[in-house]
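Below is the file query30.cif, which contains mmCIF, C-alpha atoms.
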data_model
#
loop_
_atom_site.label_atom_id
_atom_site.label_comp_id
_atom_site.auth_asym_id
_atom_site.auth_seq_id
_atom_site.Cartn_x
_atom_site.Cartn_y
_atom_site.Cartn_z
CA MET M 255 12.53 16.55 10.79
CA THR M 256 13.83 15.76 14.27
CA SER M 257 17.31 14.44 14.87
CA SER M 258 16.02 10.91 15.52
CA THR M 259 14.45 10.91 12.08
CA GLN M 260 17.61 12.26 10.49
CA ASP M 261 19.72 9.58 12.22
CA SER M 262 17.76 6.89 10.41
CA MET M 263 17.96 8.63 7.05
CA THR M 264 20.82 6.35 6.05
CA VAL M 265 17.86 4.16 5.13
CA THR M 266 15.82 5.68 2.29
CA PRO M 267 12.33 6.26 3.69
CA ARG M 268 9.56 4.35 1.93
CA VAL M 269 6.05 5.71 2.33
CA LEU M 270 2.86 4.27 0.87
CA PHE M 271 -0.23 6.44 0.36
CA VAL M 272 -3.51 4.54 -0.11
CA HIS M 273 -6.39 6.47 -1.66
CA ALA M 274 -9.78 5.73 -3.20
CA HIS M 275 -9.89 7.81 -6.40
CA PRO M 276 -7.53 9.88 -8.53
CA ASP M 277 -7.36 13.44 -7.11
CA ASP M 278 -7.88 12.27 -3.49
CA GLU M 279 -4.15 11.81 -3.11
CA THR M 280 -3.52 15.43 -4.12
CA ILE M 281 -6.41 17.09 -2.29
CA THR M 282 -5.72 15.46 1.07
CA THR M 283 -2.00 14.59 1.03
CA GLY M 284 -0.49 16.20 -2.07
CA GLY M 285 1.80 18.48 -0.09
CA THR M 286 3.09 15.68 2.09
CA ILE M 287 3.70 13.52 -0.98
CA ALA M 288 5.63 16.32 -2.69
CA ALA M 289 7.63 17.13 0.45
CA LEU M 290 8.67 13.51 0.95
CA ALA M 291 9.59 13.11 -2.72
CA ALA M 292 11.67 16.29 -2.59
CA GLU M 293 13.53 14.91 0.44
CA GLY M 294 14.48 11.80 -1.53
CA ALA M 295 11.97 9.41 -0.01
CA GLN M 296 10.59 6.54 -2.08
CA VAL M 297 6.92 7.44 -2.37
CA THR M 298 4.30 5.05 -3.72
CA VAL M 299 0.72 6.12 -4.34
CA LEU M 300 -1.94 3.41 -4.57
CA SER M 301 -5.35 4.31 -6.05
CA ALA M 302 -8.14 1.83 -5.35
CA THR M 303 -10.30 2.91 -8.31
CA ARG M 304 -10.08 5.07 -11.41
CA GLY M 305 -12.91 7.36 -10.30
CA GLU M 306 -15.26 6.14 -13.03
CA GLY M 307 -18.31 7.64 -11.34
CA GLY M 308 -17.01 11.19 -10.95
CA GLU M 309 -18.83 14.27 -12.19
CA VAL M 310 -17.06 16.28 -14.89
CA ILE M 311 -16.39 20.01 -14.58
CA PRO M 312 -15.18 21.26 -18.03
CA THR M 313 -18.03 21.76 -20.48
CA ASP M 314 -15.91 20.45 -23.34
CA LEU M 315 -15.53 17.13 -21.50
CA LYS M 316 -19.11 16.78 -20.24
CA ASP M 317 -19.74 13.86 -22.59
CA LEU M 318 -17.42 11.81 -20.36
CA GLU M 319 -19.88 12.00 -17.47
CA GLY M 320 -21.62 8.66 -17.25
CA ASN M 321 -19.14 7.12 -19.70
CA ARG M 322 -17.30 5.09 -17.06
CA THR M 323 -14.78 3.55 -19.44
CA GLY M 324 -13.96 6.83 -21.16
CA LEU M 325 -13.70 8.77 -17.92
CA ALA M 326 -11.46 6.09 -16.40
CA ARG M 327 -8.98 6.48 -19.26
CA VAL M 328 -8.92 10.26 -18.88
CA ARG M 329 -8.47 10.08 -15.14
CA GLU M 330 -5.59 7.64 -15.59
CA SER M 331 -3.78 10.25 -17.67
CA GLU M 332 -4.70 12.99 -15.18
CA ILE M 333 -3.21 11.18 -12.21
CA ALA M 334 -0.07 10.37 -14.20
CA GLU M 335 0.36 14.12 -14.80
CA ALA M 336 -0.36 14.84 -11.12
CA MET M 337 2.24 12.29 -10.02
CA ALA M 338 4.83 13.97 -12.21
CA ALA M 339 3.99 17.33 -10.64
CA LEU M 340 4.40 15.88 -7.14
CA GLY M 341 7.63 14.06 -8.01
CA VAL M 342 6.24 10.55 -7.59
CA ARG M 343 7.77 7.77 -9.67
CA GLU M 344 5.56 4.86 -8.58
CA HIS M 345 1.80 4.98 -8.90
CA LEU M 346 -0.32 1.82 -8.81
CA PHE M 347 -3.96 0.90 -9.26
CA LEU M 348 -5.33 -1.64 -6.82
CA GLY M 349 -5.52 -5.09 -8.35
CA GLY M 350 -2.94 -4.35 -11.03
CA THR M 351 -3.76 -6.23 -14.21
CA THR M 352 -5.69 -9.01 -12.48
CA ARG M 353 -8.59 -7.16 -10.85
CA THR M 354 -10.34 -3.83 -11.34
CA PHE M 355 -12.20 -2.09 -8.54
CA GLU M 356 -14.60 0.62 -9.70
CA ASP M 357 -15.82 3.84 -8.13
CA SER M 358 -18.80 2.97 -5.90
CA GLY M 359 -20.38 6.40 -6.24
CA MET M 360 -22.02 8.41 -3.45
CA GLU M 361 -24.94 10.66 -2.62
CA TRP M 362 -25.19 13.65 -0.31
CA GLY M 363 -26.99 12.91 2.94
CA PRO M 364 -29.27 15.31 4.82
CA ASP M 365 -26.42 16.29 7.15
CA GLY M 366 -24.25 17.49 4.25
CA HIS M 367 -21.94 14.46 4.32
CA ALA M 368 -21.53 11.72 1.75
CA VAL M 369 -23.51 8.49 2.00
CA ALA M 370 -23.59 5.31 -0.06
CA ALA M 371 -25.19 5.52 -3.48
CA SER M 372 -28.52 3.76 -4.06
CA THR M 373 -26.91 1.65 -6.79
CA MET M 374 -23.35 0.66 -7.66
CA PRO M 375 -21.58 -1.49 -10.27
CA ASP M 376 -21.05 -5.18 -9.55
CA ASN M 377 -17.28 -4.67 -9.36
CA ALA M 378 -17.48 -1.51 -7.25
CA LEU M 379 -14.97 -1.18 -4.44
CA CYS M 380 -17.72 -1.29 -1.81
CA ALA M 381 -19.31 -4.34 -3.45
CA ALA M 382 -16.13 -6.38 -2.98
CA GLU M 383 -15.48 -8.35 0.19
CA LEU M 384 -13.39 -6.38 2.67
CA SER M 385 -10.97 -9.30 2.91
CA THR M 386 -10.46 -9.26 -0.87
CA VAL M 387 -9.61 -5.55 -0.89
CA ALA M 388 -7.35 -6.00 2.14
CA ASP M 389 -5.48 -8.88 0.50
CA HIS M 390 -4.71 -6.77 -2.57
CA ILE M 391 -3.47 -3.88 -0.40
CA ALA M 392 -1.42 -6.33 1.69
CA ALA M 393 0.26 -7.57 -1.48
CA VAL M 394 1.34 -4.01 -2.30
CA ILE M 395 2.60 -3.51 1.25
CA ASP M 396 4.72 -6.65 0.95
CA ALA M 397 6.08 -5.45 -2.40
CA VAL M 398 6.81 -1.84 -1.36
CA ARG M 399 7.86 -2.59 2.26
CA PRO M 400 6.87 0.88 3.51
CA HIS M 401 8.13 2.35 6.75
CA ALA M 402 4.91 4.37 6.94
CA VAL M 403 1.47 3.95 5.41
CA ILE M 404 -0.91 6.91 5.09
CA THR M 405 -4.62 6.74 4.35
CA TYR M 406 -7.98 8.18 5.42
CA ALA M 407 -9.32 8.25 8.95
CA ALA M 408 -12.35 6.12 9.81
CA ASN M 409 -14.73 8.95 8.87
CA GLY M 410 -13.49 8.98 5.28
CA GLY M 411 -12.90 12.74 5.46
CA TYR M 412 -16.43 13.68 4.48
CA GLY M 413 -17.98 10.22 4.62
CA HIS M 414 -17.46 8.93 1.08
CA PRO M 415 -18.10 5.16 1.26
CA ASP M 416 -15.03 4.38 -0.86
CA HIS M 417 -12.86 6.40 1.52
CA VAL M 418 -14.27 4.48 4.47
CA ARG M 419 -13.73 1.16 2.69
CA VAL M 420 -10.10 2.07 1.90
CA HIS M 421 -9.55 2.97 5.56
CA GLU M 422 -11.00 -0.34 6.75
CA ALA M 423 -9.16 -2.40 4.16
CA THR M 424 -5.82 -0.70 4.81
CA VAL M 425 -6.08 -1.32 8.54
CA ALA M 426 -6.88 -4.98 7.83
CA ALA M 427 -4.10 -5.20 5.23
CA LEU M 428 -1.40 -4.20 7.71
CA ASP M 429 -2.37 -7.16 9.85
CA ARG M 430 -2.41 -9.53 6.85
CA ALA M 431 0.86 -8.37 5.31
CA THR M 432 4.16 -10.09 6.04
CA TRP M 433 6.00 -6.76 6.17
CA ARG M 434 5.65 -4.94 9.51
CA THR M 435 5.04 -1.26 8.80
CA GLY M 436 6.57 1.14 11.30
CA ARG M 437 3.68 3.59 11.44
CA LEU M 438 0.12 3.94 10.13
CA LEU M 439 -1.13 7.51 9.80
CA PHE M 440 -4.63 8.82 9.09
CA VAL M 441 -5.55 12.07 7.36
CA ASP M 442 -7.46 14.08 9.95
CA VAL M 443 -8.43 17.74 9.68
CA PRO M 444 -8.74 19.96 12.77
CA ALA M 445 -12.11 21.73 13.00
CA GLU M 446 -10.48 25.16 12.90
CA VAL M 447 -8.55 24.25 9.75
CA ALA M 448 -11.75 23.01 8.10
CA ARG M 449 -13.40 26.35 8.89
CA GLU M 450 -10.43 28.21 7.45
CA THR M 451 -10.46 26.07 4.31
CA PHE M 452 -14.07 26.99 3.52
CA ASP M 453 -13.97 30.59 4.78
CA PRO M 454 -15.21 32.84 1.90
CA ASN M 455 -13.90 36.00 3.61
CA GLN M 456 -10.26 35.18 2.98
CA PRO M 457 -8.29 37.51 0.71
CA GLY M 458 -8.51 36.45 -2.92
CA PHE M 459 -11.63 34.30 -2.57
CA ALA M 460 -13.98 36.80 -4.21
CA GLU M 461 -11.84 36.85 -7.37
CA THR M 462 -12.12 33.09 -7.87
CA GLY M 463 -15.80 33.06 -8.80
CA PHE M 464 -16.29 30.00 -6.58
CA ALA M 465 -19.39 29.70 -4.43
CA PRO M 466 -19.15 30.01 -0.63
CA ALA M 467 -19.96 26.92 1.44
CA GLN M 468 -23.29 26.87 3.22
CA SER M 469 -21.98 24.17 5.57
CA ILE M 470 -18.65 22.44 6.10
CA PRO M 471 -18.73 18.89 4.66
CA THR M 472 -15.54 17.78 6.42
CA LYS M 473 -16.32 15.56 9.38
CA PRO M 474 -14.82 16.27 12.82
CA PRO M 475 -11.48 14.58 13.48
CA VAL M 476 -11.60 11.00 14.71
CA GLY M 477 -8.24 10.60 16.42
CA GLU M 478 -5.76 12.82 18.21
CA ILE M 479 -4.03 14.94 15.60
CA VAL M 480 -0.29 14.85 16.32
CA VAL M 481 1.37 15.80 13.00
CA ALA M 482 1.12 19.07 11.10
CA GLN M 483 3.18 18.58 7.95
CA ASP M 484 4.38 21.96 6.71
CA ILE M 485 3.92 22.02 2.92
CA THR M 486 4.60 25.70 2.33
CA SER M 487 7.68 24.98 0.21
CA VAL M 488 5.76 22.61 -2.11
CA LEU M 489 2.47 24.48 -2.48
CA SER M 490 3.23 25.17 -6.13
CA ALA M 491 3.65 21.43 -6.77
CA LYS M 492 0.37 20.67 -5.03
CA ARG M 493 -1.39 23.39 -7.01
CA ALA M 494 -0.01 21.99 -10.29
CA ALA M 495 -1.15 18.50 -9.33
CA LEU M 496 -4.63 19.80 -8.50
CA ALA M 497 -4.80 21.49 -11.89
CA ALA M 498 -3.80 18.20 -13.55
CA HIS M 499 -7.07 16.67 -12.34
CA ARG M 500 -8.96 18.84 -14.79
CA THR M 501 -12.15 16.80 -14.95
CA GLN M 502 -12.58 16.95 -11.17
CA VAL M 503 -10.89 20.11 -9.92
CA ALA M 504 -10.95 23.79 -10.89
CA VAL M 505 -8.06 25.91 -9.58
CA SER M 506 -7.99 29.68 -9.17
CA GLY M 507 -5.18 31.43 -7.31
CA GLY M 508 -4.75 29.87 -3.91
CA PHE M 509 -8.16 28.17 -4.04
CA PHE M 510 -9.78 25.20 -5.74
CA ALA M 511 -13.27 23.79 -6.18
CA LEU M 512 -14.77 20.42 -7.04
CA SER M 513 -17.82 19.81 -9.23
CA ASN M 514 -20.09 21.52 -6.67
CA GLY M 515 -18.28 24.81 -7.34
CA ILE M 516 -17.65 25.47 -3.62
CA GLY M 517 -14.32 27.19 -3.05
CA MET M 518 -11.64 25.80 -0.75
CA LYS M 519 -8.30 27.27 0.21
CA ILE M 520 -5.12 25.33 -0.51
CA VAL M 521 -3.86 25.35 3.07
CA ASP M 522 -0.15 25.24 3.95
CA HIS M 523 -0.27 22.30 6.39
CA GLU M 524 -1.63 18.76 6.19
CA PHE M 525 -2.65 17.03 9.40
CA PHE M 526 -2.46 13.45 10.59
CA SER M 527 -3.23 11.21 13.54
CA ILE M 528 -1.38 7.97 14.25
CA GLY M 529 -3.49 4.85 13.93
CA ALA M 530 -0.86 2.24 14.77
CA GLY M 531 2.87 1.75 15.12
CA ALA M 532 5.55 4.02 16.51
CA PRO M 533 4.09 6.87 18.60
CA LEU M 534 5.58 10.32 18.94
CA ALA M 535 7.82 10.97 21.93
CA ALA M 536 6.28 12.97 24.77
CA GLU M 537 9.13 15.49 24.49
CA THR M 538 8.24 16.07 20.83
CA LEU M 539 4.61 16.84 21.61
CA ARG M 540 5.44 19.23 24.45
CA SER M 541 6.38 21.84 21.86
CA GLY M 542 3.23 21.26 19.78
CA LEU M 543 2.34 19.12 16.81
CA ALA M 544 5.15 17.19 15.15
CA PRO M 545 6.39 18.82 11.92
CA HIS M 546 6.81 15.66 9.86
CA VAL M 547 5.05 12.32 9.32
CA LEU M 548 8.34 10.46 9.97
CA THR M 549 9.23 12.29 13.18
CA ASP M 550 10.46 9.87 15.87
CA LEU M 551 10.19 6.92 13.49
CA ASP M 552 13.42 4.90 13.51
CA LEU M 553 13.70 3.52 9.98
CA SER M 554 16.75 1.40 10.76
CA GLU M 555 14.95 -0.27 13.63
CA CYS M 556 11.98 -0.96 11.35
CA GLU M 557 14.31 -2.63 8.85
CA SER M 558 16.01 -4.65 11.61
CA GLN M 559 12.74 -5.89 13.06
CA ASN M 560 11.57 -7.05 9.67
CA SER M 561 14.91 -8.76 8.96
CA ALA M 562 14.76 -10.51 12.32
CA GLY M 563 11.24 -11.61 11.57
CA ALA M 564 12.33 -13.06 8.24
CA ILE M 565 15.26 -14.95 9.81
CA LEU M 566 13.91 -15.99 13.20
CA GLY M 567 10.20 -16.06 12.48
CA SER M 568 7.97 -13.11 13.18
CA THR M 569 5.66 -13.23 16.19
CA ARG M 570 2.89 -12.62 13.66
CA ARG M 571 3.06 -15.41 11.11
CA SER M 572 2.96 -14.88 7.39
CA ARG M 573 -0.12 -15.81 5.42
CA ARG M 574 2.21 -17.81 3.18
CA GLN M 575 3.60 -19.86 6.09
CA PRO M 576 0.63 -21.19 8.06
CA LYS M 577 1.08 -22.25 11.64
CA LYS M 578 1.95 -25.95 12.07
CA PRO M 579 -0.92 -28.15 13.30
CA GLY M 580 -1.08 -28.46 17.08
CA ALA M 581 -2.49 -31.01 19.51
CA LEU M 582 -6.08 -29.95 18.83
CA ALA M 583 -5.60 -30.61 15.12
CA TYR M 584 -4.50 -34.19 15.80
CA ALA M 585 -7.31 -34.74 18.32
CA HIS M 586 -9.72 -33.49 15.66
CA ALA M 587 -8.17 -35.92 13.16
CA VAL M 588 -8.51 -38.93 15.52
CA LEU M 589 -12.14 -38.16 16.37
CA LEU M 590 -13.03 -37.64 12.72
CA GLY M 591 -11.18 -40.84 11.79
CA LEU M 592 -13.14 -42.83 14.41
CA LEU M 593 -16.43 -41.42 13.15
CA ILE M 594 -15.63 -42.12 9.50
CA GLY M 595 -14.25 -45.58 10.32
CA PHE M 596 -17.39 -46.60 12.21
CA LEU M 597 -19.86 -45.17 9.69
CA GLY M 598 -17.90 -46.46 6.72
CA GLY M 599 -17.55 -49.90 8.30
CA MET M 600 -21.28 -50.10 8.93
CA GLN M 601 -22.11 -48.92 5.43
CA HIS M 602 -19.54 -50.42 3.08
CA LEU M 603 -21.14 -53.86 2.51
CA ASN M 604 -24.47 -52.48 1.31
CA ALA M 605 -25.14 -53.26 -2.33
CA ALA M 606 -27.91 -53.52 -4.88
CA VAL M 607 -28.42 -56.08 -7.61
CA VAL M 608 -29.58 -55.07 -11.06
CA HIS M 609 -30.17 -57.38 -13.99
CA LEU M 610 -28.67 -56.67 -17.37
CA GLY M 611 -30.67 -59.11 -19.38
CA ALA M 612 -30.15 -62.45 -17.67
CA THR M 613 -26.94 -61.33 -15.94
CA PRO M 614 -27.17 -60.06 -12.35
CA VAL M 615 -24.81 -57.14 -11.61
CA ILE M 616 -23.90 -56.10 -8.05
CA ILE M 617 -23.75 -52.32 -7.49
CA PRO M 618 -21.61 -51.71 -4.36
CA TRP M 619 -23.20 -48.39 -3.49
CA GLY M 620 -22.37 -48.78 0.20
CA LEU M 621 -18.64 -48.99 -0.56
CA ALA M 622 -18.84 -45.99 -2.88
CA LEU M 623 -20.64 -43.96 -0.21
CA ALA M 624 -18.16 -45.00 2.48
CA LEU M 625 -15.15 -44.09 0.36
CA LEU M 626 -16.75 -40.76 -0.59
CA LEU M 627 -17.25 -40.02 3.11
CA ALA M 628 -13.60 -40.86 3.77
CA ALA M 629 -12.40 -38.69 0.87
CA CYS M 630 -14.46 -35.70 2.01
CA GLY M 631 -13.28 -36.02 5.62
CA LEU M 632 -9.63 -36.40 4.68
CA TRP M 633 -9.76 -33.46 2.24
CA HIS M 634 -11.41 -31.37 4.94
CA LEU M 635 -8.45 -32.00 7.25
CA LYS M 636 -5.93 -31.38 4.48
CA THR M 637 -7.38 -27.98 3.54
CA MET M 638 -8.27 -26.88 7.06
CA TYR M 639 -4.76 -27.31 8.48
CA ARG M 640 -2.81 -26.82 5.22
CA SER M 641 -0.89 -29.95 6.18
CA SER M 642 -0.97 -33.66 5.36
CA SER M 643 -0.14 -34.78 8.90
CA PRO M 644 -3.64 -34.61 10.49
CA MET M 645 -5.12 -36.16 7.37
CA LEU M 646 -2.72 -39.11 7.55
CA VAL M 647 -3.48 -39.56 11.26
CA ALA M 648 -7.19 -39.74 10.42
CA ALA M 649 -6.57 -42.28 7.62
CA PHE M 650 -4.48 -44.43 9.96
CA THR M 651 -7.25 -44.23 12.59
CA ILE M 652 -9.83 -45.38 10.02
CA ALA M 653 -7.62 -48.33 9.05
CA ILE M 654 -7.01 -49.40 12.68
CA LEU M 655 -10.70 -49.18 13.62
CA SER M 656 -11.73 -51.06 10.48
CA TYR M 657 -9.24 -53.82 11.28
CA ILE M 658 -10.58 -54.10 14.85
CA LEU M 659 -14.15 -54.31 13.54
CA GLY M 660 -13.10 -57.34 11.52
CA GLN M 661 -11.74 -59.32 14.52
CA PRO M 662 -14.62 -61.10 16.31
CA GLN M 663 -12.13 -62.93 18.56
CA TRP M 664 -11.06 -59.56 20.01
CA LEU M 665 -14.48 -57.98 20.30
CA PRO M 666 -17.55 -60.24 20.33
CA GLY M 667 -19.82 -59.32 17.43
CA ALA M 668 -17.00 -57.50 15.64
CA ASP M 669 -17.63 -59.00 12.26
CA ILE M 670 -18.68 -55.83 10.46
CA ILE M 671 -15.60 -56.10 8.25
CA VAL M 672 -15.63 -59.37 6.33
CA THR M 673 -12.08 -59.70 5.10
CA GLY M 674 -13.03 -62.45 2.69
CA THR M 675 -15.02 -60.02 0.53
CA LEU M 676 -13.58 -57.68 -2.04
CA ARG M 677 -15.66 -54.79 -0.69
CA SER M 678 -14.15 -55.12 2.80
CA VAL M 679 -10.63 -55.31 1.38
CA ALA M 680 -11.34 -52.16 -0.66
CA TRP M 681 -12.60 -50.42 2.49
CA LEU M 682 -9.55 -51.49 4.50
CA ILE M 683 -7.05 -50.04 2.02
CA GLY M 684 -9.16 -47.34 0.32
CA PRO M 685 -8.85 -44.49 2.91
CA MET M 686 -5.08 -44.95 3.15
CA LEU M 687 -4.78 -44.89 -0.63
CA ILE M 688 -6.90 -41.73 -0.82
CA ALA M 689 -4.75 -40.08 1.87
CA ALA M 690 -1.58 -41.03 -0.02
CA ILE M 691 -2.94 -39.34 -3.16
CA PHE M 692 -4.05 -36.23 -1.26
CA ALA M 693 -0.63 -35.97 0.39
CA PHE M 694 0.92 -35.11 -2.98
CA ILE M 695 -1.57 -32.29 -3.61
CA ARG M 696 -0.25 -28.93 -2.48
CA VAL M 697 -2.81 -26.67 -0.87
CA GLN M 698 -2.09 -22.94 -0.46
CA ARG M 699 -4.03 -19.80 0.28
CA PRO M 700 -4.69 -17.78 -2.88
CA GLU M 701 -1.92 -15.21 -3.20
CA PRO M 702 -3.21 -11.65 -3.65
CA THR M 703 -1.77 -9.93 -6.70
CA ARG M 704 -0.12 -6.61 -6.78
#
Take the structure I supplied and represent it as structure tokens, if you would.
Amino acid sequence: MTSSTQDSMTVTPRVLFVHAHPDDETITTGGTIAALAAEGAQVTVLSATRGEGGEVIPTDLKDLEGNRTGLARVRESEIAEAMAALGVREHLFLGGTTRTFEDSGMEWGPDGHAVAASTMPDNALCAAELSTVADHIAAVIDAVRPHAVITYAANGGYGHPDHVRVHEATVAALDRATWRTGRLLFVDVPAEVARETFDPNQPGFAETGFAPAQSIPTKPPVGEIVVAQDITSVLSAKRAALAAHRTQVAVSGGFFALSNGIGMKIVDHEFFSIGAGAPLAAETLRSGLAPHVLTDLDLSECESQNSAGAILGSTRRSRRQPKKPGALAYAHAVLLGLLIGFLGGMQHLNAAVVHLGATPVIIPWGLALALLLAACGLWHLKTMYRSSSPMLVAAFTIAILSYILGQPQWLPGADIIVTGTLRSVAWLIGPMLIAAIFAFIRVQRPEPTR
């Protein structure tokens, strides 16, 4: 690490890795995870799904393929073993105990990259609204308070739809979260490294028994790669974590293969671009790629900015503390109050008479309709602005207009409100009474769960 990174090491670094399926964290960022853990950083790995749709490599476990529940349980135990190998103490599944997101599956496209599957489960990650996924990730960000967040680039590595969804949701989550993360990094693989990874002419490849790649499935990098994390010292930990994912990964020497049997080298660097947050200093990049994901990231400053935001009010408001209604909200309330007051005043005296035997009964349907209109309008204002103030302004406007409409001496013909009738009295006080009741009802955005 550079000296600027070391200066901020009085603060324990917190880094959140967001991945789609168990084994992704190890394949793409396992060395970085192990290196950070070895340095004493607080590392949290978040898996969006349990990889229920994965193919199974070992013949003795083939009966798990297609058994989504059974495979999920096995993969939970596999990632727990992998986390232990990498030195990670905190691993989470997206949604916690309140929501489960399942593997969406994939198919291979004609260009050799992954594409969306023709069918997917109802609760698949890609079937969920992006905002829902982002809210759950944002909840984890607010709980972990990471200085850096690491996930896939926009291409999803090789195009897997779950990888792409995790990328999109993580980017959205950083904007939704209260905690301001210092840096967002994306896994991005240089083209030359991808060629090296799949090169079958490397020493030791022939002994693995793995098949050579006919084409390279890794997509070209999306952003400017600026970090090359050296993982040489933790290669053994990454290899052990790969081996822990037994249903998905076969390991032989310095190589591994997925269910397609195509061999890949376990390379000694992992590469990243910066998607948002603190950039790398120009002086750092003059000597080449930065050696560490936290290079030039001032952790103490990140902490200070977040503390200042909590005390003074961040320039980007929290989802839990909505912005106070402004002038437009009150203008909206007055206009809506005038509309409801006029329509309700015109309507409220309408009634129908029905006979129950010899007894005539008046059904004041006009009053009921007018009060329903008022209730809907007032509730609309209450929920739209998360505040009672515009709603009360609208109710007051309705009352004032209704009173005016009952004063023919002020406005010729203004006898729409007949104060001598019970229906008019109910209309005069009804909207204010409804607003008073609504004022005691607390309206909040649904809080995403960790």
List the residues selected by the PyMOL selection byres ((chain M and resi 440) around 9) in the file shown, writing them as a list of chain:residue names.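 When the PyMOL selection byres ((chain M and resi 440) around 9) is applied to the shown file, the picked residues are M:Val403, M:Ile404, M:Thr405, M:Tyr406, M:Ala407, M:Ala408, M:His421, M:Leu438, M:Leu439, M:Val441, M:Asp442, M:Gly477, M:Ile479, M:Phe525, M:Phe526, M:Ser527, M:Ile528, M:Gly529.
If you measure from each of M:Gly324, M:Pro474, M:Pro466, M:Pro312 to M:Gly411 using only C-alpha atoms, the closest one turns out to be M:Pro474.
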Report the closest atom pair, with its distance in Å rounded to one decimal, for each residue of stretch 509-562 of chain M that has an atom no farther than 8 Å from stretch 259-283 of chain M; count all atoms listed in the file, sort by chain and then rising residue number, and write it as JSON lines.
{"residue": "M:Glu524", "atom": "CA", "partner": "M:Thr283", "partner_atom": "CA", "distance": 6.6}
{"residue": "M:Leu548", "atom": "CA", "partner": "M:Thr259", "partner_atom": "CA", "distance": 6.5}
{"residue": "M:Thr549", "atom": "CA", "partner": "M:Thr259", "partner_atom": "CA", "distance": 5.5}
{"residue": "M:Asp550", "atom": "CA", "partner": "M:Thr259", "partner_atom": "CA", "distance": 5.6}
{"residue": "M:Leu551", "atom": "CA", "partner": "M:Thr259", "partner_atom": "CA", "distance": 6.0}
{"residue": "M:Asp552", "atom": "CA", "partner": "M:Ser262", "partner_atom": "CA", "distance": 5.7}
{"residue": "M:Leu553", "atom": "CA", "partner": "M:Ser262", "partner_atom": "CA", "distance": 5.3}
{"residue": "M:Ser554", "atom": "CA", "partner": "M:Ser262", "partner_atom": "CA", "distance": 5.6}
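As for atom CA of M:Gly305 and atom CA of M:Ala423, they are spaced 17.8 Å apart.
For the atom pair formed by atom CA of M:Tyr584 and atom CA of M:Ser385, the distance is 28.8 Å, given to one decimal.
Here the question is which of M:Pro662, M:Gly684, M:Pro533, M:Gly542 gets nearest to M:His602 using all atoms listed in the file, and that residue is M:Gly684.
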Could you expand the PyMOL selection byres ((chain M and resi 377) around 12) into the explicit residues it covers here, written as an MDAnalysis selection string? chainID M and resid 302:303 306 349 353:359 373:376 378:383 386:387
Taking into account all atoms listed in the file, which residue in the set M:Ala491, M:Leu534, M:Leu539, M:Val505 is nearest to M:Glu461?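 Closest to M:Glu461, using all atoms listed in the file: M:Val505.
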Which residues are close to M:Leu621, i.e. within 7 Å by all atoms listed in the file, leaving aside same-chain residues fewer than 6 positions away? Reply as a short mmCIF file (atom, residue, chain, number, x, y, z; two decimals) with C-alpha atoms, in the coordinates of the input.
data_model
loop_
_atom_site.label_atom_id
_atom_site.label_comp_id
_atom_site.auth_asym_id
_atom_site.auth_seq_id
_atom_site.Cartn_x
_atom_site.Cartn_y
_atom_site.Cartn_z
CA GLN M 601 -22.11 -48.92 5.43
CA HIS M 602 -19.54 -50.42 3.08
CA LEU M 603 -21.14 -53.86 2.51
CA ARG M 677 -15.66 -54.79 -0.69
CA TRP M 681 -12.60 -50.42 2.49
#
Evaluate the PyMOL selection byres ((chain M and resi 393) around 10) and report residues as an MDAnalysis selection string: chainID M and resid 348:349 388:392 394:399 427:428 430:433 701:704
Counting all atoms listed in the file, which of M:Asn514, M:Asp429, M:Ala460, M:Lys473 gets nearest to M:Gly308?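 That would be M:Asn514, the residue with the smallest distance to M:Gly308.
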Interatomic distance (Å, one decimal) between atom CA of M:Ala289 and atom CA of M:His345: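 So the answer is 16.4 Å.
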Near M:Ile671, within 9 Å and counting all atoms listed in the file, which residues show up once chain neighbours fewer than 2 positions away are dropped, as a tab-separated table (two decimals) with C-alpha atoms, in the coordinates of the input?
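Output (part_22.tsv):
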chain	number	residue	atom	x	y	z
M	599	GLY	CA	-17.55	-49.90	8.30
M	600	MET	CA	-21.28	-50.10	8.93
M	602	HIS	CA	-19.54	-50.42	3.08
M	603	LEU	CA	-21.14	-53.86	2.51
M	656	SER	CA	-11.73	-51.06	10.48
M	657	TYR	CA	-9.24	-53.82	11.28
M	658	ILE	CA	-10.58	-54.10	14.85
M	659	LEU	CA	-14.15	-54.31	13.54
M	660	GLY	CA	-13.10	-57.34	11.52
M	661	GLN	CA	-11.74	-59.32	14.52
M	668	ALA	CA	-17.00	-57.50	15.64
M	669	ASP	CA	-17.63	-59.00	12.26
M	673	THR	CA	-12.08	-59.70	5.10
M	674	GLY	CA	-13.03	-62.45	2.69
M	675	THR	CA	-15.02	-60.02	0.53
M	678	SER	CA	-14.15	-55.12	2.80
M	679	VAL	CA	-10.63	-55.31	1.38
M	681	TRP	CA	-12.60	-50.42	2.49
M	682	LEU	CA	-9.55	-51.49	4.50
Test item: residues at most 12 Å from M:Ser331, all atoms listed in the file, excluding those fewer than 5 positions along its chain, as a list in words: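 That gives Pro276, Asp277, Arg304, Gly324, Leu325, Ala326, Ala336, Met337, Ala338, His345, Ala498, His499, Arg500 and Thr501 of chain M.
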Using only C-alpha atoms for the distances, tell me which of M:Gln663, M:Leu496, M:Ala291, M:Ala649 is nearest to M:Leu687. M:Ala649
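The environment of M:Arg449 within 10 Å, counting only C-alpha atoms and disregarding residues fewer than 5 places along the same chain, consists of Val443, Pro444, Pro454, Ala467, Ser469, Ile470, Thr472 and Met518 of chain M.
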